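**Q** Below is the file query-v9.cif, with mmCIF, N, CA and C atoms.
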```cif
data_my_file
loop_
_atom_site.label_atom_id
_atom_site.label_comp_id
_atom_site.auth_asym_id
_atom_site.auth_seq_id
_atom_site.Cartn_x
_atom_site.Cartn_y
_atom_site.Cartn_z
N MET B 1 -4.35 15.26 -7.48
CA MET B 1 -3.85 14.17 -8.31
C MET B 1 -5.00 13.20 -8.59
N THR B 2 -5.15 12.82 -9.83
CA THR B 2 -6.22 11.89 -10.20
C THR B 2 -5.80 10.45 -9.91
N ASN B 3 -6.78 9.57 -9.90
CA ASN B 3 -6.49 8.14 -9.72
C ASN B 3 -5.54 7.65 -10.81
N LYS B 4 -5.78 8.06 -12.04
CA LYS B 4 -4.94 7.61 -13.16
C LYS B 4 -3.50 8.08 -12.99
N GLU B 5 -3.32 9.30 -12.53
CA GLU B 5 -1.95 9.81 -12.30
C GLU B 5 -1.25 9.03 -11.20
N LEU B 6 -1.98 8.69 -10.15
CA LEU B 6 -1.39 7.92 -9.05
C LEU B 6 -1.06 6.50 -9.52
N ILE B 7 -1.93 5.91 -10.31
CA ILE B 7 -1.66 4.59 -10.88
C ILE B 7 -0.42 4.64 -11.77
N ARG B 8 -0.29 5.70 -12.55
CA ARG B 8 0.89 5.85 -13.42
C ARG B 8 2.17 5.86 -12.58
N LYS B 9 2.14 6.53 -11.43
CA LYS B 9 3.31 6.56 -10.53
C LYS B 9 3.61 5.15 -10.00
N ALA B 10 2.55 4.40 -9.67
CA ALA B 10 2.74 3.03 -9.19
C ALA B 10 3.33 2.15 -10.29
N LEU B 11 2.87 2.34 -11.51
CA LEU B 11 3.41 1.57 -12.64
C LEU B 11 4.89 1.89 -12.87
N GLU B 12 5.26 3.14 -12.70
CA GLU B 12 6.68 3.52 -12.82
C GLU B 12 7.50 2.86 -11.71
N ALA B 13 6.98 2.85 -10.50
CA ALA B 13 7.68 2.24 -9.37
C ALA B 13 7.83 0.74 -9.57
N GLN B 14 6.83 0.12 -10.17
CA GLN B 14 6.87 -1.32 -10.41
C GLN B 14 8.10 -1.72 -11.22
N LYS B 15 8.52 -0.86 -12.12
CA LYS B 15 9.70 -1.14 -12.97
C LYS B 15 10.98 -1.25 -12.15
N MET B 16 10.98 -0.72 -10.94
CA MET B 16 12.18 -0.72 -10.09
C MET B 16 12.24 -1.95 -9.17
N ALA B 17 11.21 -2.78 -9.20
CA ALA B 17 11.13 -3.93 -8.29
C ALA B 17 12.34 -4.85 -8.43
N TYR B 18 12.76 -5.40 -7.29
CA TYR B 18 13.83 -6.38 -7.25
C TYR B 18 13.18 -7.71 -6.88
N VAL B 19 12.92 -8.55 -7.89
CA VAL B 19 12.13 -9.76 -7.68
C VAL B 19 12.78 -10.99 -8.34
N PRO B 20 14.02 -11.32 -7.97
CA PRO B 20 14.68 -12.46 -8.62
C PRO B 20 14.07 -13.81 -8.26
N TYR B 21 13.27 -13.90 -7.21
CA TYR B 21 12.73 -15.18 -6.76
C TYR B 21 11.30 -15.39 -7.24
N SER B 22 10.43 -14.44 -7.01
CA SER B 22 9.03 -14.60 -7.42
C SER B 22 8.79 -14.16 -8.86
N GLU B 23 9.64 -13.26 -9.35
CA GLU B 23 9.44 -12.65 -10.67
C GLU B 23 8.05 -12.02 -10.77
N PHE B 24 7.58 -11.46 -9.64
CA PHE B 24 6.26 -10.83 -9.55
C PHE B 24 6.45 -9.39 -9.06
N PRO B 25 6.74 -8.46 -9.98
CA PRO B 25 6.96 -7.07 -9.56
C PRO B 25 5.67 -6.37 -9.16
N VAL B 26 5.75 -5.62 -8.07
CA VAL B 26 4.61 -4.84 -7.59
C VAL B 26 5.08 -3.40 -7.39
N GLY B 27 4.23 -2.47 -7.72
CA GLY B 27 4.51 -1.06 -7.50
C GLY B 27 3.39 -0.42 -6.71
N ALA B 28 3.74 0.58 -5.93
CA ALA B 28 2.73 1.31 -5.15
C ALA B 28 3.08 2.79 -5.15
N ALA B 29 2.04 3.59 -5.04
CA ALA B 29 2.21 5.04 -4.91
C ALA B 29 1.18 5.52 -3.90
N VAL B 30 1.66 6.21 -2.87
CA VAL B 30 0.78 6.69 -1.82
C VAL B 30 0.71 8.22 -1.87
N LEU B 31 -0.50 8.75 -1.79
CA LEU B 31 -0.76 10.18 -1.80
C LEU B 31 -1.05 10.63 -0.38
N THR B 32 -0.34 11.65 0.07
CA THR B 32 -0.54 12.18 1.42
C THR B 32 -1.55 13.33 1.39
N SER B 33 -2.00 13.71 2.56
CA SER B 33 -2.96 14.82 2.65
C SER B 33 -2.33 16.14 2.23
N THR B 34 -1.00 16.22 2.23
CA THR B 34 -0.32 17.45 1.79
C THR B 34 -0.08 17.46 0.29
N GLY B 35 -0.51 16.41 -0.40
CA GLY B 35 -0.38 16.34 -1.85
C GLY B 35 0.91 15.71 -2.34
N LYS B 36 1.74 15.24 -1.43
CA LYS B 36 2.99 14.58 -1.83
C LYS B 36 2.71 13.12 -2.19
N VAL B 37 3.51 12.60 -3.12
CA VAL B 37 3.39 11.21 -3.54
C VAL B 37 4.71 10.51 -3.25
N PHE B 38 4.60 9.34 -2.64
CA PHE B 38 5.77 8.50 -2.36
C PHE B 38 5.52 7.16 -3.03
N THR B 39 6.54 6.65 -3.72
CA THR B 39 6.40 5.39 -4.43
C THR B 39 7.24 4.31 -3.77
N GLY B 40 6.89 3.08 -4.09
CA GLY B 40 7.64 1.95 -3.59
C GLY B 40 7.48 0.75 -4.50
N CYS B 41 8.42 -0.16 -4.40
CA CYS B 41 8.36 -1.42 -5.14
C CYS B 41 8.69 -2.54 -4.16
N ASN B 42 8.38 -3.77 -4.55
CA ASN B 42 8.75 -4.88 -3.69
C ASN B 42 10.24 -5.18 -3.88
N ILE B 43 10.85 -5.57 -2.78
CA ILE B 43 12.29 -5.83 -2.75
C ILE B 43 12.48 -7.18 -2.06
N GLU B 44 12.84 -8.19 -2.85
CA GLU B 44 12.98 -9.54 -2.32
C GLU B 44 14.38 -9.78 -1.78
N ASN B 45 14.48 -10.87 -1.03
CA ASN B 45 15.74 -11.24 -0.40
C ASN B 45 15.80 -12.76 -0.35
N ALA B 46 17.00 -13.32 -0.45
CA ALA B 46 17.17 -14.77 -0.38
C ALA B 46 16.62 -15.31 0.94
N SER B 47 16.69 -14.53 1.99
CA SER B 47 16.04 -14.86 3.26
C SER B 47 14.64 -14.26 3.15
N PHE B 48 13.69 -15.05 2.71
CA PHE B 48 12.38 -14.54 2.31
C PHE B 48 11.73 -13.62 3.33
N GLY B 49 11.95 -13.85 4.60
CA GLY B 49 11.36 -13.01 5.64
C GLY B 49 11.87 -11.57 5.59
N ALA B 50 13.00 -11.35 4.93
CA ALA B 50 13.55 -10.00 4.82
C ALA B 50 12.98 -9.24 3.63
N THR B 51 12.10 -9.85 2.89
CA THR B 51 11.47 -9.20 1.74
C THR B 51 10.56 -8.07 2.22
N ASN B 52 10.49 -6.99 1.46
CA ASN B 52 9.58 -5.89 1.79
C ASN B 52 8.66 -5.63 0.61
N CYS B 53 7.38 -5.47 0.90
CA CYS B 53 6.38 -5.24 -0.14
C CYS B 53 6.40 -3.80 -0.62
N ALA B 54 5.85 -3.59 -1.80
CA ALA B 54 5.80 -2.26 -2.41
C ALA B 54 5.02 -1.27 -1.55
N GLU B 55 3.91 -1.72 -0.99
CA GLU B 55 3.07 -0.83 -0.20
C GLU B 55 3.82 -0.30 1.02
N ARG B 56 4.49 -1.22 1.72
CA ARG B 56 5.23 -0.79 2.91
C ARG B 56 6.44 0.05 2.54
N THR B 57 7.07 -0.25 1.41
CA THR B 57 8.19 0.58 0.98
C THR B 57 7.73 2.02 0.77
N ALA B 58 6.60 2.21 0.09
CA ALA B 58 6.07 3.56 -0.14
C ALA B 58 5.69 4.24 1.17
N LEU B 59 4.97 3.52 2.02
CA LEU B 59 4.56 4.10 3.31
C LEU B 59 5.75 4.46 4.17
N PHE B 60 6.74 3.59 4.25
CA PHE B 60 7.89 3.85 5.11
C PHE B 60 8.71 5.01 4.59
N LYS B 61 8.79 5.16 3.26
CA LYS B 61 9.47 6.34 2.69
C LYS B 61 8.75 7.61 3.13
N ALA B 62 7.43 7.59 3.04
CA ALA B 62 6.64 8.76 3.42
C ALA B 62 6.81 9.07 4.91
N ILE B 63 6.70 8.05 5.73
CA ILE B 63 6.82 8.24 7.17
C ILE B 63 8.20 8.76 7.54
N SER B 64 9.23 8.25 6.88
CA SER B 64 10.59 8.71 7.17
C SER B 64 10.81 10.16 6.76
N GLU B 65 9.90 10.70 5.95
CA GLU B 65 9.96 12.10 5.53
C GLU B 65 8.96 12.95 6.31
N GLY B 66 8.35 12.37 7.35
CA GLY B 66 7.46 13.14 8.21
C GLY B 66 5.99 13.11 7.85
N GLU B 67 5.62 12.34 6.84
CA GLU B 67 4.22 12.27 6.40
C GLU B 67 3.55 11.08 7.06
N LYS B 68 2.39 11.33 7.68
CA LYS B 68 1.66 10.24 8.35
C LYS B 68 0.15 10.30 8.08
N ASP B 69 -0.27 11.22 7.25
CA ASP B 69 -1.69 11.36 6.94
C ASP B 69 -1.88 10.98 5.47
N PHE B 70 -2.38 9.77 5.25
CA PHE B 70 -2.49 9.23 3.90
C PHE B 70 -3.92 9.29 3.40
N LYS B 71 -4.07 9.66 2.12
CA LYS B 71 -5.38 9.74 1.49
C LYS B 71 -5.66 8.51 0.65
N THR B 72 -4.70 8.16 -0.22
CA THR B 72 -4.92 7.13 -1.23
C THR B 72 -3.63 6.37 -1.50
N ILE B 73 -3.77 5.09 -1.78
CA ILE B 73 -2.63 4.30 -2.25
C ILE B 73 -3.08 3.52 -3.48
N ALA B 74 -2.25 3.55 -4.52
CA ALA B 74 -2.49 2.78 -5.73
C ALA B 74 -1.51 1.62 -5.75
N ILE B 75 -2.00 0.44 -6.09
CA ILE B 75 -1.19 -0.77 -6.10
C ILE B 75 -1.35 -1.47 -7.45
N VAL B 76 -0.22 -1.80 -8.08
CA VAL B 76 -0.23 -2.53 -9.34
C VAL B 76 0.65 -3.76 -9.22
N GLY B 77 0.24 -4.81 -9.87
CA GLY B 77 1.01 -6.05 -9.87
C GLY B 77 0.77 -6.78 -11.18
N ASP B 78 0.01 -7.84 -11.10
CA ASP B 78 -0.32 -8.64 -12.27
C ASP B 78 -1.20 -7.82 -13.22
N PRO B 79 -0.78 -7.65 -14.48
CA PRO B 79 -1.61 -6.87 -15.41
C PRO B 79 -2.90 -7.58 -15.82
N GLU B 80 -3.01 -8.86 -15.47
CA GLU B 80 -4.20 -9.64 -15.82
C GLU B 80 -5.20 -9.77 -14.66
N ALA B 81 -4.77 -9.37 -13.44
CA ALA B 81 -5.64 -9.52 -12.27
C ALA B 81 -5.34 -8.39 -11.29
N PHE B 82 -6.30 -8.05 -10.46
CA PHE B 82 -6.08 -7.02 -9.46
C PHE B 82 -5.23 -7.61 -8.33
N THR B 83 -4.18 -6.91 -7.96
CA THR B 83 -3.27 -7.36 -6.90
C THR B 83 -3.59 -6.62 -5.62
N ALA B 84 -4.08 -7.35 -4.64
CA ALA B 84 -4.44 -6.75 -3.35
C ALA B 84 -3.26 -6.81 -2.39
N PRO B 85 -3.23 -5.92 -1.40
CA PRO B 85 -2.13 -5.94 -0.43
C PRO B 85 -2.18 -7.19 0.45
N CYS B 86 -1.01 -7.67 0.84
CA CYS B 86 -0.94 -8.82 1.74
C CYS B 86 -1.44 -8.42 3.13
N GLY B 87 -1.55 -9.38 4.01
CA GLY B 87 -2.04 -9.12 5.36
C GLY B 87 -1.19 -8.15 6.14
N ILE B 88 0.13 -8.29 6.05
CA ILE B 88 1.01 -7.37 6.78
C ILE B 88 0.84 -5.95 6.26
N CYS B 89 0.77 -5.78 4.96
CA CYS B 89 0.59 -4.43 4.41
C CYS B 89 -0.77 -3.86 4.79
N ARG B 90 -1.79 -4.69 4.85
CA ARG B 90 -3.11 -4.21 5.27
C ARG B 90 -3.04 -3.69 6.70
N GLN B 91 -2.34 -4.43 7.56
CA GLN B 91 -2.22 -4.00 8.96
C GLN B 91 -1.44 -2.70 9.07
N VAL B 92 -0.38 -2.55 8.30
CA VAL B 92 0.40 -1.30 8.33
C VAL B 92 -0.46 -0.15 7.81
N LEU B 93 -1.19 -0.36 6.74
CA LEU B 93 -2.06 0.69 6.20
C LEU B 93 -3.13 1.12 7.19
N VAL B 94 -3.79 0.15 7.82
CA VAL B 94 -4.90 0.48 8.71
C VAL B 94 -4.41 1.24 9.95
N GLU B 95 -3.14 1.13 10.26
CA GLU B 95 -2.56 1.91 11.36
C GLU B 95 -2.81 3.40 11.16
N PHE B 96 -2.92 3.81 9.89
CA PHE B 96 -3.04 5.22 9.55
C PHE B 96 -4.45 5.62 9.12
N GLY B 97 -5.41 4.71 9.25
CA GLY B 97 -6.79 5.10 9.02
C GLY B 97 -7.61 4.12 8.23
N LEU B 98 -8.85 3.98 8.65
CA LEU B 98 -9.80 3.11 7.96
C LEU B 98 -10.36 3.77 6.70
N ASP B 99 -10.17 5.08 6.58
CA ASP B 99 -10.74 5.81 5.45
C ASP B 99 -9.76 5.99 4.28
N ILE B 100 -8.56 5.43 4.37
CA ILE B 100 -7.62 5.51 3.25
C ILE B 100 -8.24 4.79 2.05
N THR B 101 -8.18 5.44 0.89
CA THR B 101 -8.66 4.82 -0.34
C THR B 101 -7.56 3.93 -0.90
N VAL B 102 -7.95 2.71 -1.28
CA VAL B 102 -7.02 1.75 -1.87
C VAL B 102 -7.46 1.51 -3.31
N ILE B 103 -6.55 1.79 -4.23
CA ILE B 103 -6.81 1.56 -5.65
C ILE B 103 -6.04 0.31 -6.07
N LEU B 104 -6.76 -0.69 -6.56
CA LEU B 104 -6.13 -1.89 -7.12
C LEU B 104 -6.25 -1.76 -8.63
N ALA B 105 -5.10 -1.74 -9.31
CA ALA B 105 -5.13 -1.44 -10.74
C ALA B 105 -4.42 -2.50 -11.57
N LYS B 106 -5.01 -2.78 -12.73
CA LYS B 106 -4.34 -3.57 -13.76
C LYS B 106 -3.61 -2.61 -14.70
N SER B 107 -4.20 -1.43 -14.87
CA SER B 107 -3.67 -0.40 -15.75
C SER B 107 -4.27 0.94 -15.33
N GLU B 108 -3.88 2.00 -16.02
CA GLU B 108 -4.47 3.32 -15.72
C GLU B 108 -5.96 3.34 -16.02
N GLU B 109 -6.38 2.50 -16.93
CA GLU B 109 -7.78 2.49 -17.35
C GLU B 109 -8.64 1.50 -16.58
N GLU B 110 -8.04 0.47 -16.04
CA GLU B 110 -8.81 -0.58 -15.38
C GLU B 110 -8.39 -0.71 -13.92
N TYR B 111 -9.27 -0.27 -13.03
CA TYR B 111 -8.96 -0.31 -11.61
C TYR B 111 -10.23 -0.37 -10.77
N GLN B 112 -10.04 -0.76 -9.51
CA GLN B 112 -11.12 -0.81 -8.53
C GLN B 112 -10.69 -0.01 -7.31
N THR B 113 -11.64 0.61 -6.63
CA THR B 113 -11.32 1.37 -5.42
C THR B 113 -12.07 0.81 -4.22
N TYR B 114 -11.39 0.85 -3.08
CA TYR B 114 -11.94 0.38 -1.82
C TYR B 114 -11.48 1.33 -0.72
N THR B 115 -12.05 1.19 0.45
CA THR B 115 -11.50 1.85 1.64
C THR B 115 -10.75 0.79 2.43
N MET B 116 -9.89 1.22 3.33
CA MET B 116 -9.19 0.26 4.17
C MET B 116 -10.18 -0.53 5.01
N GLU B 117 -11.27 0.09 5.41
CA GLU B 117 -12.29 -0.62 6.19
C GLU B 117 -12.86 -1.79 5.40
N GLU B 118 -13.00 -1.62 4.08
CA GLU B 118 -13.48 -2.71 3.23
C GLU B 118 -12.39 -3.76 3.02
N ILE B 119 -11.15 -3.32 2.90
CA ILE B 119 -10.02 -4.22 2.65
C ILE B 119 -9.69 -5.05 3.90
N LEU B 120 -9.84 -4.45 5.08
CA LEU B 120 -9.51 -5.15 6.33
C LEU B 120 -10.62 -4.93 7.36
N PRO B 121 -11.74 -5.64 7.19
CA PRO B 121 -12.82 -5.50 8.18
C PRO B 121 -12.41 -6.10 9.52
N LEU B 122 -13.03 -5.61 10.57
CA LEU B 122 -12.76 -6.09 11.93
C LEU B 122 -11.27 -5.97 12.27
N SER B 123 -10.67 -4.88 11.84
CA SER B 123 -9.23 -4.69 12.03
C SER B 123 -8.87 -4.28 13.45
N PHE B 124 -7.63 -4.50 13.79
CA PHE B 124 -7.06 -4.06 15.06
C PHE B 124 -6.33 -2.76 14.78
N THR B 125 -6.78 -1.67 15.39
CA THR B 125 -6.24 -0.35 15.11
C THR B 125 -5.74 0.31 16.39
N PRO B 126 -5.07 1.47 16.27
CA PRO B 126 -4.64 2.18 17.47
C PRO B 126 -5.78 2.46 18.45
N LYS B 127 -6.99 2.61 17.93
CA LYS B 127 -8.16 2.85 18.79
C LYS B 127 -8.38 1.69 19.77
N ASP B 128 -8.03 0.47 19.34
CA ASP B 128 -8.20 -0.68 20.22
C ASP B 128 -7.28 -0.63 21.43
N LEU B 129 -6.22 0.11 21.34
CA LEU B 129 -5.28 0.22 22.46
C LEU B 129 -5.71 1.27 23.48
N GLU B 130 -6.74 2.04 23.17
CA GLU B 130 -7.22 3.04 24.10
C GLU B 130 -7.81 2.40 25.34
N ASN B 131 -8.31 1.19 25.22
CA ASN B 131 -8.91 0.47 26.33
C ASN B 131 -7.95 -0.65 26.77
N LYS B 132 -6.73 -0.30 27.08
CA LYS B 132 -5.71 -1.29 27.44
C LYS B 132 -6.17 -2.13 28.63
N GLY B 133 -6.03 -3.43 28.45
CA GLY B 133 -6.37 -4.34 29.54
C GLY B 133 -7.86 -4.61 29.67
N GLY B 134 -8.66 -3.95 28.85
CA GLY B 134 -10.11 -4.15 28.94
C GLY B 134 -10.54 -5.43 28.27
N THR B 135 -11.79 -5.73 28.36
CA THR B 135 -12.34 -6.92 27.72
C THR B 135 -13.09 -6.53 26.47
N VAL B 136 -13.24 -7.48 25.62
CA VAL B 136 -13.95 -7.26 24.37
C VAL B 136 -15.42 -7.41 24.58
#
```
Represent the supplied structure as structure tokens.
**A**
Amino acid sequence: MTNKELIRKALEAQKMAYVPYSEFPVGAAVLTSTGKVFTGCNIENASFGATNCAERTALFKAISEGEKDFKTIAIVGDPEAFTAPCGICRQVLVEFGLDITVILAKSEEEYQTYTMEEILPLSFTPKDLENKGGTV
């Protein structure tokens, strides 16, 4: 799957967003190592803490279907600016690898790519738990 095809899936998912409060729809599409694509949109709630971001919606759908090896995620939001994942989504993404490619897109034609390591430097990962109780 090309970057443009993955962005197209994210743009389609963005149309499904439930955003009555922010009016800021976000779509995401995650590509697994097996070639499957899972999409997600942001889903808001009157109790703002219950809101779920597009990135986590896509990841959780994939995980609930047994997929845990992610290659790439495309994220679309504001068509005038690149929409980066929030801190919580960055932490959830890095759980599955620093080498995941993150595509921030305004459109199929205009996008930037990063790795999770670039998006969340000095991250706390499962590797940090290998030395439980140790010192830094």
**Q** Since I can't run it myself right now, could you work out what the PyMOL selection byres ((chain B and resi 13) around 7) selects here and report it as a VMD selection string?
**A** chain B and resid 8 to 12 14 to 17 26 to 28 39 to 42
**Q** What does the file look like for those residues with N, CA and C atoms, as a PDB file, keeping the file's coordinate frame?
**A**
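The new file selection.pdb reads:
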```pdb
ATOM      1  N   ARG B   8      -0.290   5.700 -12.550  1.00  0.00           N
ATOM      2  CA  ARG B   8       0.890   5.850 -13.420  1.00  0.00           C
ATOM      3  C   ARG B   8       2.170   5.860 -12.580  1.00  0.00           C
ATOM      4  N   LYS B   9       2.140   6.530 -11.430  1.00  0.00           N
ATOM      5  CA  LYS B   9       3.310   6.560 -10.530  1.00  0.00           C
ATOM      6  C   LYS B   9       3.610   5.150 -10.000  1.00  0.00           C
ATOM      7  N   ALA B  10       2.550   4.400  -9.670  1.00  0.00           N
ATOM      8  CA  ALA B  10       2.740   3.030  -9.190  1.00  0.00           C
ATOM      9  C   ALA B  10       3.330   2.150 -10.290  1.00  0.00           C
ATOM     10  N   LEU B  11       2.870   2.340 -11.510  1.00  0.00           N
ATOM     11  CA  LEU B  11       3.410   1.570 -12.640  1.00  0.00           C
ATOM     12  C   LEU B  11       4.890   1.890 -12.870  1.00  0.00           C
ATOM     13  N   GLU B  12       5.260   3.140 -12.700  1.00  0.00           N
ATOM     14  CA  GLU B  12       6.680   3.520 -12.820  1.00  0.00           C
ATOM     15  C   GLU B  12       7.500   2.860 -11.710  1.00  0.00           C
ATOM     16  N   GLN B  14       6.830   0.120 -10.170  1.00  0.00           N
ATOM     17  CA  GLN B  14       6.870  -1.320 -10.410  1.00  0.00           C
ATOM     18  C   GLN B  14       8.100  -1.720 -11.220  1.00  0.00           C
ATOM     19  N   LYS B  15       8.520  -0.860 -12.120  1.00  0.00           N
ATOM     20  CA  LYS B  15       9.700  -1.140 -12.970  1.00  0.00           C
ATOM     21  C   LYS B  15      10.980  -1.250 -12.150  1.00  0.00           C
ATOM     22  N   MET B  16      10.980  -0.720 -10.940  1.00  0.00           N
ATOM     23  CA  MET B  16      12.180  -0.720 -10.090  1.00  0.00           C
ATOM     24  C   MET B  16      12.240  -1.950  -9.170  1.00  0.00           C
ATOM     25  N   ALA B  17      11.210  -2.780  -9.200  1.00  0.00           N
ATOM     26  CA  ALA B  17      11.130  -3.930  -8.290  1.00  0.00           C
ATOM     27  C   ALA B  17      12.340  -4.850  -8.430  1.00  0.00           C
ATOM     28  N   VAL B  26       5.750  -5.620  -8.070  1.00  0.00           N
ATOM     29  CA  VAL B  26       4.610  -4.840  -7.590  1.00  0.00           C
ATOM     30  C   VAL B  26       5.080  -3.400  -7.390  1.00  0.00           C
ATOM     31  N   GLY B  27       4.230  -2.470  -7.720  1.00  0.00           N
ATOM     32  CA  GLY B  27       4.510  -1.060  -7.500  1.00  0.00           C
ATOM     33  C   GLY B  27       3.390  -0.420  -6.710  1.00  0.00           C
ATOM     34  N   ALA B  28       3.740   0.580  -5.930  1.00  0.00           N
ATOM     35  CA  ALA B  28       2.730   1.310  -5.150  1.00  0.00           C
ATOM     36  C   ALA B  28       3.080   2.790  -5.150  1.00  0.00           C
ATOM     37  N   THR B  39       6.540   6.650  -3.720  1.00  0.00           N
ATOM     38  CA  THR B  39       6.400   5.390  -4.430  1.00  0.00           C
ATOM     39  C   THR B  39       7.240   4.310  -3.770  1.00  0.00           C
ATOM     40  N   GLY B  40       6.890   3.080  -4.090  1.00  0.00           N
ATOM     41  CA  GLY B  40       7.640   1.950  -3.590  1.00  0.00           C
ATOM     42  C   GLY B  40       7.480   0.750  -4.500  1.00  0.00           C
ATOM     43  N   CYS B  41       8.420  -0.160  -4.400  1.00  0.00           N
ATOM     44  CA  CYS B  41       8.360  -1.420  -5.140  1.00  0.00           C
ATOM     45  C   CYS B  41       8.690  -2.540  -4.160  1.00  0.00           C
ATOM     46  N   ASN B  42       8.380  -3.770  -4.550  1.00  0.00           N
ATOM     47  CA  ASN B  42       8.750  -4.880  -3.690  1.00  0.00           C
ATOM     48  C   ASN B  42      10.240  -5.180  -3.880  1.00  0.00           C
TER      49      ASN B  42
END
```
**Q** Selected by the PyMOL selection byres (((chain B and resi 34 and name CA) around 10) and name CA) in the shown coordinates: which residues, as an NGL selection string?
**A** :B and (31-33 or 35-37 or 67-71)
**Q** Please write out, as lines of an AutoDock Vina configuration file, where the centre of an axis-aligned box around all listed atoms of segment 63-71 of chain B lies and how long its edges are, in Å to one decimal, after adding 4 Å on each side.
**A**
```
center_x = 2.6
center_y = 10.6
center_z = 4.5
size_x = 24.5
size_y = 13.1
size_z = 15.7
```
**Q** Of the residues B:Ala58, B:Gly97, B:Leu120, B:Pro25, which is the one nearest to Thr83 of chain B, using only C-alpha atoms?
**A**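 Nearest candidate to Thr83 of chain B out of B:Ala58, B:Gly97, B:Leu120, B:Pro25: B:Pro25.
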